[in-house]
Amino acid sequence: MITKEPSLPPNFIRNIIEEDLKTNKYEGRVATRFPPEPNGYLHIGHAKSICLNFGLAVEYEGTCNLRFDDTNPSKEESEYVQSIQNDVRWLGFDWKDRLFYASDYFEQLYAYAVQLIQIDKAYVDDLSAEEIREYRGTMTQQGKNSPYRTRSVDENLDLFRRMREGEFENGSRVLRAKIDMASPNLNMRDPVMYRILRSIHHRTDDRWCIYPMYDFAHCISDSIEGITHSICTLEFEDHRPLYDWFLDELKVYHPQQIEFARLNLSYTVMSKRKLRELVEQGYVAGWDDPRMPTISGIRKRGYTPESVRNFCERIGVARRDSMVDMALLEYCIREDLNLRAPRVMAVLHPLKVVIENYPEDRVEELEAVNNPEDPGMGSRKVPFSRVIYIEREDFREDAPKKFYRLAPGCEVRLRYGYYIKCEKVVKDEQTGEVIELRCSYDPETRGGWAADGRKVKGTLHWVSAAHSIPAQVRLYDRLFVKANPVEEKSDVDFKSYINPNSLEILESCRVEPSLNNATSGNRYQFERLGYFCVDSMDSRKGQPVFNRIVTLRDTWAKIEQKEKM
RNA sequence: UGGGGCGUCGUCAAGCGGUAAGACACAGGAUUUUGGUUCCUGCAUUCGGAGGUUCGAAUCCUCCCGCCCCAGCCA
């Protein structure tokens, strides 16, 4: 019996492609493209599109082009071209030699525009921007023809050539497609194809003073590149008739445009405008702030490309508007790191513990497993001594019912260490704050096992005071406290839902000495706490800086929460 | 109230006339030197609503309701 290949879950785009392959619509080819405009940073919504387009190409042994949609020089910069390429590469995709720019096609686009003029399907309009808007009509009222609509082909040809030559001022004239001012689809009411715009283009410099509009440039770029399936987001659906119109009138190779719903993620925002607002008004440290849903932010946070790709696979592709739960993204990174991240002990809020019956000058090297999920990752030695730090949270003077950590008179296990029992609580005389614990240890429990078989419920992580190294740890959390900060039908500013605790910087953490060698980008699981990543900018040898990627699932927090209610 | 879309579990999402996959979340339980992981179990008699066609409808038809997008010389 032949087992079926493990196939990916179906979605409507794969269905279309399968069908096209069956009917040999494109001679068995699958050619997609990812067409970002280089006017900003990519975010996880783009990752969905990248995974979709490049993923399809891999799956069907086709190609996927990276094409910059750079038809508006007033907004675009090469800085973004670079960052976009970094992000796509980081996600794990390779466009090989298929890197293109819409600006590569300016000359050809111009020729096609001339061709449309020649068949009387395009004309030069002298109306002002304002007038064009008025003539366009409204959603419920049809538009009316521009007085310049009936110009002769020759005059149009002449005018368009002179537009290119730079004879006219910015905004004084445009080239329009001659379609139908009465169309119920606003996009078909003689859309603008070219505008006069004097601006330095990042690739063509000042060679052009007229630039094609998206609708005209995009379909032709797709056609030139021999794209089969031109995948874009839902808001372009109304543009499809126009996409088809240009290609039909020009009688050129005709790809099919397919629209899917863009990604929305809970507890964050996705629009470029809002992200820019957060950056420019200083709510975050920059586009790559680890709390940002940008690819660079996610990368700095410590997410792996594998986990992001996996996330994009799991969310599926469909045509309905949706809001994916951030919990799924978090699940994906935990799933990945659980298998790969070495375990290590780190104490974020140190509480000093003196083990009174442990010899003053003794130091033991205890064997600690690096990853229980993967024996191949081996083990390491962790120094243990009389004075250690434990997590402040792991001690309660008045332990609640299901609290099985340390409390006066109680015994717990130190991970890979000994059983210890809390004998005495030392408090600050002024404030009453617990500043130190005096404990005893059972020498018979080395490694964490009791010879007499007695069980202990809790296991705590710890570090030796004398051997641990100081570290800064940044605790990142969700950027917003509200699942959807952008309520439709509400004029509340989304920024009022920013989580005031989305970043907590801890300066006096102590981590085990093995972390002295932690290098930029390394990811660890701090046992019982979460997954952390060595910061790529601020970390120094002997003084590491860690970013929290995500916490571990915390069942105790849930229990405690429930008890409170 | 013009046009274009979309409505299947709390959140995503399969399903394409033969009697509701899966994932996350959630809730129980088992195992555990991470209250982690893993493993079981439960979680839509019902697919926005109402009619109709059919032996049979989430799937076809009709009407209704709700949500999203479109009036840039942005993409």
# chains A, B, ... in the order shown; residues from 1 in each chain; ligands from 1
call {"tool": "closest_atom_pairs", "arguments": {"of": "chain A", "to": "chain B", "cutoff": "8 Å", "atoms": "only C-alpha atoms (C1' of nucleotides)", "output": "tab-separated table"}}
result
residue	atom	partner	partner_atom	distance
A:Pro9	CA	B:A14	C1'	7.7
A:Pro10	CA	B:A14	C1'	7.3
A:Glu37	CA	B:A75	C1'	6.8
A:Asn72	CA	B:C74	C1'	7.9
A:Ala129	CA	B:C73	C1'	6.1
A:Arg133	CA	B:A71	C1'	7.5
A:Arg136	CA	B:A71	C1'	7.2
A:Gly137	CA	B:A71	C1'	7.0
A:Thr138	CA	B:A71	C1'	5.1
A:Met139	CA	B:G2	C1'	5.2
A:Thr140	CA	B:G2	C1'	4.2
A:Gln141	CA	B:G2	C1'	7.1
A:Gly171	CA	B:C73	C1'	6.3
A:Val174	CA	B:C73	C1'	6.8
A:Pro184	CA	B:G3	C1'	5.0
A:Asn185	CA	B:G3	C1'	5.3
A:Leu186	CA	B:A71	C1'	6.8
A:Val192	CA	B:C73	C1'	6.9
A:Tyr194	CA	B:C73	C1'	7.6
A:Arg195	CA	B:C73	C1'	5.2
A:Ile196	CA	B:C73	C1'	7.6
A:Tyr214	CA	B:A75	C1'	6.4
A:Leu234	CA	B:C69	C1'	7.6
A:Glu235	CA	B:C69	C1'	5.5
A:Glu237	CA	B:G4	C1'	7.1
A:Asp238	CA	B:G4	C1'	5.8
A:Arg314	CA	B:A23	C1'	7.0
A:Ile315	CA	B:C12	C1'	5.7
A:Gly316	CA	B:A13	C1'	6.7
A:Arg319	CA	B:C6	C1'	7.0
A:Arg320	CA	B:C6	C1'	5.2
A:Asp321	CA	B:C68	C1'	7.0
A:Ser322	CA	B:C12	C1'	7.7
A:Met323	CA	B:U11	C1'	7.4
A:Val324	CA	B:C12	C1'	5.9
A:Asp325	CA	B:U11	C1'	5.7
A:Ala327	CA	B:C24	C1'	7.0
A:Leu328	CA	B:C24	C1'	5.4
A:Tyr331	CA	B:C24	C1'	7.7
A:Asn338	CA	B:U37	C1'	7.4
A:Glu373	CA	B:U37	C1'	7.5
A:Arg413	CA	B:U33	C1'	7.5
A:Arg415	CA	B:U33	C1'	6.0
A:Tyr416	CA	B:U33	C1'	6.7
A:Gly448	CA	B:U33	C1'	6.1
A:Trp449	CA	B:U33	C1'	7.7
A:Thr459	CA	B:U33	C1'	6.5
A:Glu527	CA	B:U34	C1'	5.4
A:Arg528	CA	B:U34	C1'	4.8
A:Leu552	CA	B:G36	C1'	6.4
A:Arg553	CA	B:G36	C1'	6.9
A:Asp554	CA	B:G35	C1'	7.0
A:Thr555	CA	B:G35	C1'	5.5
A:Trp556	CA	B:G35	C1'	5.0
call {"tool": "select_by_dssp", "arguments": {"residues": "segment 108-326 of chain A", "states": "strand (DSSP E or B)", "output": "JSON, numbers by chain"}}
result
{"A": [122, 123, 124, 125, 174, 175, 176, 177, 192, 193, 194, 195, 196, 201, 205, 210, 211, 212, 229, 230, 231, 232, 233, 256, 257, 258, 259, 260, 265, 294, 324]}
call {"tool": "write_last_selection", "arguments": {"atoms": "C-alpha atoms", "output": "mmCIF file, in the first residue's frame"}}
result
data_model
loop_
_atom_site.group_PDB
_atom_site.id
_atom_site.type_symbol
_atom_site.label_atom_id
_atom_site.label_comp_id
_atom_site.auth_asym_id
_atom_site.auth_seq_id
_atom_site.Cartn_x
_atom_site.Cartn_y
_atom_site.Cartn_z
ATOM 1 C CA ALA A 122 -6.743 56.418 -23.717
ATOM 2 C CA TYR A 123 -6.667 60.191 -23.732
ATOM 3 C CA VAL A 124 -4.883 63.103 -22.175
ATOM 4 C CA ASP A 125 -7.070 65.022 -19.769
ATOM 5 C CA VAL A 174 -2.957 63.073 -16.858
ATOM 6 C CA LEU A 175 -3.366 60.173 -19.221
ATOM 7 C CA ARG A 176 -6.649 58.384 -18.678
ATOM 8 C CA ALA A 177 -8.075 55.116 -19.914
ATOM 9 C CA VAL A 192 -5.801 57.721 -14.458
ATOM 10 C CA MET A 193 -2.935 55.819 -16.059
ATOM 11 C CA TYR A 194 -0.135 58.374 -15.834
ATOM 12 C CA ARG A 195 0.486 61.474 -13.796
ATOM 13 C CA ILE A 196 3.154 64.118 -14.084
ATOM 14 C CA HIS A 201 13.146 57.935 -8.367
ATOM 15 C CA ASP A 205 16.592 59.090 -10.941
ATOM 16 C CA ILE A 210 5.561 60.903 -15.674
ATOM 17 C CA TYR A 211 4.822 57.767 -13.700
ATOM 18 C CA PRO A 212 2.291 55.005 -14.301
ATOM 19 C CA HIS A 229 -1.585 33.509 -10.574
ATOM 20 C CA SER A 230 -1.444 37.109 -9.416
ATOM 21 C CA ILE A 231 -2.375 36.903 -5.771
ATOM 22 C CA CYS A 232 -3.381 40.041 -3.919
ATOM 23 C CA THR A 233 -5.591 41.127 -1.072
ATOM 24 C CA GLN A 256 -5.400 35.787 -13.401
ATOM 25 C CA GLN A 257 -5.776 37.922 -10.340
ATOM 26 C CA ILE A 258 -6.903 36.105 -7.198
ATOM 27 C CA GLU A 259 -7.766 37.905 -3.990
ATOM 28 C CA PHE A 260 -7.506 36.625 -0.426
ATOM 29 C CA LEU A 265 -3.843 39.608 14.511
ATOM 30 C CA THR A 294 6.898 43.915 11.775
ATOM 31 C CA VAL A 324 -6.310 35.435 14.179
#
call {"tool": "residues_around", "arguments": {"residues": "segment 28-31 of chain B", "least_positions_apart": "2", "cutoff": "9 Å", "atoms": "only C-alpha atoms (C1' of nucleotides)", "output": "list in words"}}
result
U38, C39, C40, U41 and G42 of chain B
call {"tool": "residues_around", "arguments": {"residues": "segment 38-47 of chain A", "least_positions_apart": "2", "cutoff": "7 Å", "atoms": "only C-alpha atoms (C1' of nucleotides)", "output": "list in words"}}
result
Pro36, Ser49, Ile50, Cys51, Phe68, Asp70, Lys75, Glu76, Glu77, Tyr80, Val81, Ser83, Ile84, Arg262, Leu263, Pro293, Thr294 and Ile295 of chain A
call {"tool": "atom_distance", "arguments": {"atom1": "atom CA of Gln281 of chain A", "atom2": "atom CA of Ser496 of chain A"}}
result
13.2 Å
call {"tool": "select_by_dssp", "arguments": {"residues": "segment 139-338 of chain A", "states": "alpha helix (DSSP H)", "output": "NGL selection string"}}
result
:A and (153-165 or 214-224 or 240-250 or 272-280 or 295-301 or 305-315 or 326-338)
call {"tool": "residues_around", "arguments": {"residues": "Leu337 of chain A", "least_positions_apart": "3", "cutoff": "12 Å", "atoms": "only C-alpha atoms (C1' of nucleotides)", "output": "compact mmCIF listing (two decimals) with N, CA, C and O atoms (P, O5', C5', C4', C3', O3' and C1' of nucleotides), in the first residue's frame"}}
result
# COMPACT_ATOMS: atom_id res chain seq x y z
N GLY A 302 12.98 37.49 18.77
CA GLY A 302 13.57 36.16 18.91
C GLY A 302 12.77 35.05 18.25
O GLY A 302 13.12 33.88 18.35
N TYR A 303 11.71 35.41 17.55
CA TYR A 303 10.95 34.39 16.82
C TYR A 303 11.85 33.75 15.78
O TYR A 303 12.73 34.40 15.22
N THR A 304 11.63 32.49 15.49
CA THR A 304 12.38 31.81 14.43
C THR A 304 11.58 31.92 13.14
O THR A 304 10.35 31.97 13.17
N PRO A 305 12.28 31.92 12.00
CA PRO A 305 11.55 31.95 10.72
C PRO A 305 10.66 30.71 10.57
O PRO A 305 9.56 30.80 10.02
N GLU A 306 11.14 29.58 11.08
CA GLU A 306 10.34 28.35 11.00
C GLU A 306 8.99 28.54 11.67
O GLU A 306 7.96 28.11 11.17
N SER A 307 9.02 29.16 12.85
CA SER A 307 7.77 29.32 13.59
C SER A 307 6.82 30.27 12.87
O SER A 307 5.61 30.08 12.90
N GLU A 330 1.96 32.58 19.41
CA GLU A 330 2.74 32.21 20.59
C GLU A 330 2.89 30.70 20.69
O GLU A 330 3.95 30.19 21.06
N TYR A 331 1.84 30.01 20.34
CA TYR A 331 1.91 28.55 20.35
C TYR A 331 2.99 28.06 19.38
O TYR A 331 3.75 27.15 19.67
N CYS A 332 3.03 28.68 18.21
CA CYS A 332 3.98 28.26 17.17
C CYS A 332 5.43 28.44 17.60
O CYS A 332 6.27 27.59 17.31
N ILE A 333 5.73 29.53 18.28
CA ILE A 333 7.12 29.71 18.69
C ILE A 333 7.48 28.80 19.87
O ILE A 333 8.58 28.25 19.95
N ARG A 334 6.52 28.56 20.75
CA ARG A 334 6.79 27.63 21.86
C ARG A 334 7.04 26.23 21.33
O ARG A 334 7.93 25.51 21.78
N ARG A 340 14.05 22.88 20.34
CA ARG A 340 15.40 23.31 20.00
C ARG A 340 16.15 24.12 21.04
O ARG A 340 17.39 24.18 20.97
N ALA A 341 15.45 24.79 21.93
CA ALA A 341 16.16 25.72 22.82
C ALA A 341 16.77 25.00 24.01
O ALA A 341 16.09 24.26 24.73
N PRO A 342 18.07 25.24 24.27
CA PRO A 342 18.70 24.67 25.46
C PRO A 342 18.08 25.27 26.72
O PRO A 342 17.75 26.46 26.74
N ARG A 343 17.94 24.44 27.73
CA ARG A 343 17.42 24.90 29.02
C ARG A 343 18.56 25.47 29.83
O ARG A 343 19.70 24.98 29.75
N ASN A 371 18.45 19.64 27.33
CA ASN A 371 17.10 19.66 26.77
C ASN A 371 16.46 18.29 26.90
O ASN A 371 16.82 17.37 26.18
N GLU A 373 13.89 17.22 25.80
CA GLU A 373 13.23 16.78 24.57
C GLU A 373 14.22 16.19 23.59
O GLU A 373 13.83 15.59 22.60
N ASP A 374 15.51 16.44 23.85
CA ASP A 374 16.52 16.01 22.90
C ASP A 374 17.81 15.61 23.62
O ASP A 374 18.69 16.44 23.86
N ASN A 522 21.25 33.97 20.20
CA ASN A 522 21.02 32.66 20.84
C ASN A 522 19.70 32.67 21.60
O ASN A 522 19.35 33.64 22.25
N ARG A 523 19.00 31.54 21.52
CA ARG A 523 17.73 31.43 22.22
C ARG A 523 17.82 30.36 23.29
O ARG A 523 18.41 29.30 23.07
N TYR A 524 17.24 30.65 24.44
CA TYR A 524 17.26 29.70 25.54
C TYR A 524 15.89 29.59 26.16
O TYR A 524 15.08 30.51 26.07
N GLN A 525 15.69 28.45 26.83
CA GLN A 525 14.54 28.42 27.70
C GLN A 525 15.07 28.67 29.10
O GLN A 525 15.92 27.91 29.58
N PHE A 526 14.60 29.72 29.75
CA PHE A 526 14.89 29.91 31.16
C PHE A 526 13.88 29.01 31.85
O PHE A 526 12.67 29.25 31.74
N GLY A 530 10.26 30.93 30.59
CA GLY A 530 9.89 31.24 29.21
C GLY A 530 11.09 31.13 28.30
O GLY A 530 12.16 30.66 28.70
N TYR A 531 10.90 31.58 27.07
CA TYR A 531 11.97 31.53 26.09
C TYR A 531 12.55 32.93 25.95
O TYR A 531 11.81 33.92 25.91
N PHE A 532 13.87 33.00 25.91
CA PHE A 532 14.56 34.29 25.86
C PHE A 532 15.62 34.27 24.77
O PHE A 532 16.16 33.22 24.43
N CYS A 533 15.91 35.45 24.27
CA CYS A 533 16.83 35.59 23.16
C CYS A 533 17.88 36.63 23.51
O CYS A 533 17.55 37.68 24.07
N ILE A 549 10.99 36.21 24.58
CA ILE A 549 10.25 35.93 23.36
C ILE A 549 8.80 35.65 23.75
O ILE A 549 7.87 36.28 23.25
N VAL A 550 8.63 34.70 24.65
CA VAL A 550 7.29 34.33 25.08
C VAL A 550 7.42 33.57 26.40
O VAL A 550 8.45 32.96 26.66
N THR A 551 6.41 33.66 27.23
CA THR A 551 6.45 32.92 28.49
C THR A 551 6.15 31.45 28.22
O THR A 551 5.69 31.09 27.14
N LEU A 552 6.41 30.64 29.22
CA LEU A 552 5.96 29.25 29.15
C LEU A 552 4.48 29.28 29.49
O LEU A 552 4.00 30.23 30.09
P G B 36 2.43 22.47 33.38
O5' G B 36 3.73 22.96 32.58
C5' G B 36 3.78 24.26 32.03
C4' G B 36 4.92 24.32 31.05
C3' G B 36 4.81 23.35 29.87
O3' G B 36 4.05 23.91 28.81
C1' G B 36 6.94 23.13 30.85
P U B 37 3.13 22.97 27.96
O5' U B 37 4.11 21.82 27.44
C5' U B 37 5.05 22.10 26.41
C4' U B 37 5.87 20.86 26.14
C3' U B 37 5.06 19.65 25.70
O3' U B 37 4.79 19.72 24.31
C1' U B 37 6.58 19.00 27.39
call {"tool": "residues_around", "arguments": {"residues": "segment 43-60 of chain B", "least_positions_apart": "4", "cutoff": "9 Å", "atoms": "only C-alpha atoms (C1' of nucleotides)", "output": "ChimeraX atom specification"}}
result
/B:7-9,15-20,26-27,64-66
call {"tool": "write_last_selection", "arguments": {"atoms": "N, CA and C atoms (P, O5', C5', C4', C3', O3' and C1' of nucleotides)", "output": "compact mmCIF listing (two decimals), in the first residue's frame"}}
result
# COMPACT_ATOMS: atom_id res chain seq x y z
P G B 7 -18.09 33.03 3.40
O5' G B 7 -18.13 33.55 4.91
C5' G B 7 -18.62 32.76 5.94
C4' G B 7 -19.27 33.67 6.96
C3' G B 7 -20.34 32.93 7.75
O3' G B 7 -19.99 32.91 9.12
C1' G B 7 -21.17 34.99 6.83
P U B 8 -18.82 32.10 9.71
O5' U B 8 -19.35 30.62 9.48
C5' U B 8 -20.59 30.21 10.03
C4' U B 8 -20.58 28.74 10.31
C3' U B 8 -19.49 28.26 11.26
O3' U B 8 -19.85 28.47 12.61
C1' U B 8 -19.51 26.86 9.37
P C B 9 -18.75 29.05 13.56
O5' C B 9 -18.83 28.17 14.88
C5' C B 9 -19.38 28.67 16.11
C4' C B 9 -18.87 27.77 17.21
C3' C B 9 -17.63 28.33 17.94
O3' C B 9 -17.94 28.70 19.29
C1' C B 9 -17.40 26.01 17.40
P G B 15 -12.25 22.35 0.87
O5' G B 15 -13.57 21.50 0.98
C5' G B 15 -13.51 20.14 1.35
C4' G B 15 -14.80 19.82 2.06
C3' G B 15 -16.03 20.06 1.20
O3' G B 15 -16.22 18.89 0.41
C1' G B 15 -16.33 20.79 3.47
P C B 16 -17.43 18.36 -0.38
O5' C B 16 -18.29 19.67 -0.63
C5' C B 16 -19.66 19.60 -1.03
C4' C B 16 -19.81 20.13 -2.44
C3' C B 16 -19.00 19.29 -3.45
O3' C B 16 -19.81 18.42 -4.22
C1' C B 16 -18.32 21.61 -3.49
P G B 17 -21.12 18.69 -5.09
O5' G B 17 -22.22 18.10 -4.07
C5' G B 17 -23.00 18.91 -3.24
C4' G B 17 -23.92 18.02 -2.49
C3' G B 17 -23.72 16.54 -2.74
O3' G B 17 -23.46 15.90 -1.48
C1' G B 17 -26.03 17.15 -2.80
P G B 18 -22.28 14.71 -1.54
O5' G B 18 -22.88 13.81 -0.38
C5' G B 18 -23.03 14.35 0.91
C4' G B 18 -23.82 13.38 1.77
C3' G B 18 -23.04 12.11 2.14
O3' G B 18 -23.27 11.87 3.52
C1' G B 18 -25.07 11.57 0.96
P U B 19 -22.12 11.31 4.46
O5' U B 19 -22.55 11.88 5.90
C5' U B 19 -22.40 13.26 6.19
C4' U B 19 -23.68 13.77 6.84
C3' U B 19 -24.03 13.08 8.15
O3' U B 19 -24.28 14.06 9.13
C1' U B 19 -25.89 13.06 6.65
P A B 20 -23.45 14.36 10.37
O5' A B 20 -22.17 15.08 9.81
C5' A B 20 -21.16 15.33 10.75
C4' A B 20 -20.31 16.42 10.19
C3' A B 20 -19.16 16.74 11.13
O3' A B 20 -18.08 15.91 10.76
C1' A B 20 -20.22 18.72 10.30
P C B 26 -6.08 28.42 27.22
O5' C B 26 -7.56 27.95 27.56
C5' C B 26 -8.58 28.89 27.78
C4' C B 26 -9.91 28.17 27.87
C3' C B 26 -9.93 27.02 28.86
O3' C B 26 -10.10 27.47 30.20
C1' C B 26 -10.94 26.33 26.84
P A B 27 -9.35 26.66 31.37
O5' A B 27 -10.30 25.39 31.55
C5' A B 27 -11.67 25.57 31.84
C4' A B 27 -12.33 24.22 31.88
C3' A B 27 -11.53 23.16 32.62
O3' A B 27 -11.67 23.30 34.02
C1' A B 27 -12.30 22.27 30.58
P C B 64 -34.93 40.97 -0.28
O5' C B 64 -34.77 40.77 1.29
C5' C B 64 -35.86 41.06 2.16
C4' C B 64 -35.56 40.53 3.54
C3' C B 64 -34.29 41.07 4.20
O3' C B 64 -34.52 42.33 4.80
C1' C B 64 -34.35 38.72 4.46
P C B 65 -33.27 43.35 4.94
O5' C B 65 -32.43 42.69 6.12
C5' C B 65 -32.99 42.58 7.44
C4' C B 65 -31.99 41.88 8.34
C3' C B 65 -30.58 42.47 8.33
O3' C B 65 -30.48 43.59 9.19
C1' C B 65 -30.44 40.13 8.12
P G B 66 -29.38 44.72 8.86
O5' G B 66 -28.02 44.04 9.29
C5' G B 66 -27.80 43.68 10.66
C4' G B 66 -26.52 42.88 10.74
C3' G B 66 -25.30 43.56 10.15
O3' G B 66 -24.73 44.46 11.08
C1' G B 66 -25.40 41.33 9.40
call {"tool": "residues_around", "arguments": {"residues": "Phe384 of chain A", "least_positions_apart": "3", "cutoff": "12 Å", "atoms": "only C-alpha atoms (C1' of nucleotides)", "output": "VMD selection string"}}
result
chain A and resid 354 to 355 358 to 368 381 387 to 389 414 to 418 446 to 447 461 to 468 512 to 513
call {"tool": "atom_distance", "arguments": {"atom1": "atom CA of Thr32 of chain A", "atom2": "atom CA of Phe54 of chain A"}}
result
7.3 Å
call {"tool": "atom_distance", "arguments": {"atom1": "atom CA of Leu247 of chain A", "atom2": "atom CA of Phe100 of chain A"}}
result
19.9 Å
call {"tool": "closest_residue", "arguments": {"among": "A:Ile435, A:Val30, A:Ile420, A:Val284", "to": "Pro500 of chain A", "atoms": "only C-alpha atoms"}}
result
A:Val284
call {"tool": "decode", "arguments": {"residues": "segment 64-92 of chain A", "atoms": "C-alpha atoms", "output": "short mmCIF file (atom, residue, chain, number, x, y, z; two decimals), in the first residue's frame"}}
result
data_model
loop_
_atom_site.label_atom_id
_atom_site.label_comp_id
_atom_site.auth_asym_id
_atom_site.auth_seq_id
_atom_site.Cartn_x
_atom_site.Cartn_y
_atom_site.Cartn_z
CA CYS A 64 8.08 33.27 -7.45
CA ASN A 65 9.43 36.68 -8.35
CA LEU A 66 10.28 39.40 -5.92
CA ARG A 67 9.07 42.53 -7.63
CA PHE A 68 9.20 46.01 -6.20
CA ASP A 69 6.16 47.99 -7.14
CA ASP A 70 8.02 51.27 -7.37
CA THR A 71 5.78 53.52 -9.41
CA ASN A 72 5.50 56.35 -6.92
CA PRO A 73 8.89 57.99 -6.35
CA SER A 74 7.50 60.45 -3.86
CA LYS A 75 7.06 57.73 -1.25
CA GLU A 76 9.66 55.14 -2.05
CA GLU A 77 13.23 54.72 -0.90
CA SER A 78 15.96 52.20 -1.49
CA GLU A 79 16.39 51.79 2.26
CA TYR A 80 13.13 49.87 2.18
CA VAL A 81 14.22 47.83 -0.81
CA GLN A 82 17.05 46.54 1.32
CA SER A 83 15.02 45.82 4.42
CA ILE A 84 12.36 44.02 2.41
CA GLN A 85 14.95 41.75 0.84
CA ASN A 86 16.41 41.03 4.28
CA ASP A 87 13.01 40.11 5.61
CA VAL A 88 12.09 37.81 2.74
CA ARG A 89 15.46 36.08 2.99
CA TRP A 90 15.15 35.76 6.75
CA LEU A 91 11.82 34.06 6.28
CA GLY A 92 13.71 31.48 4.29
#
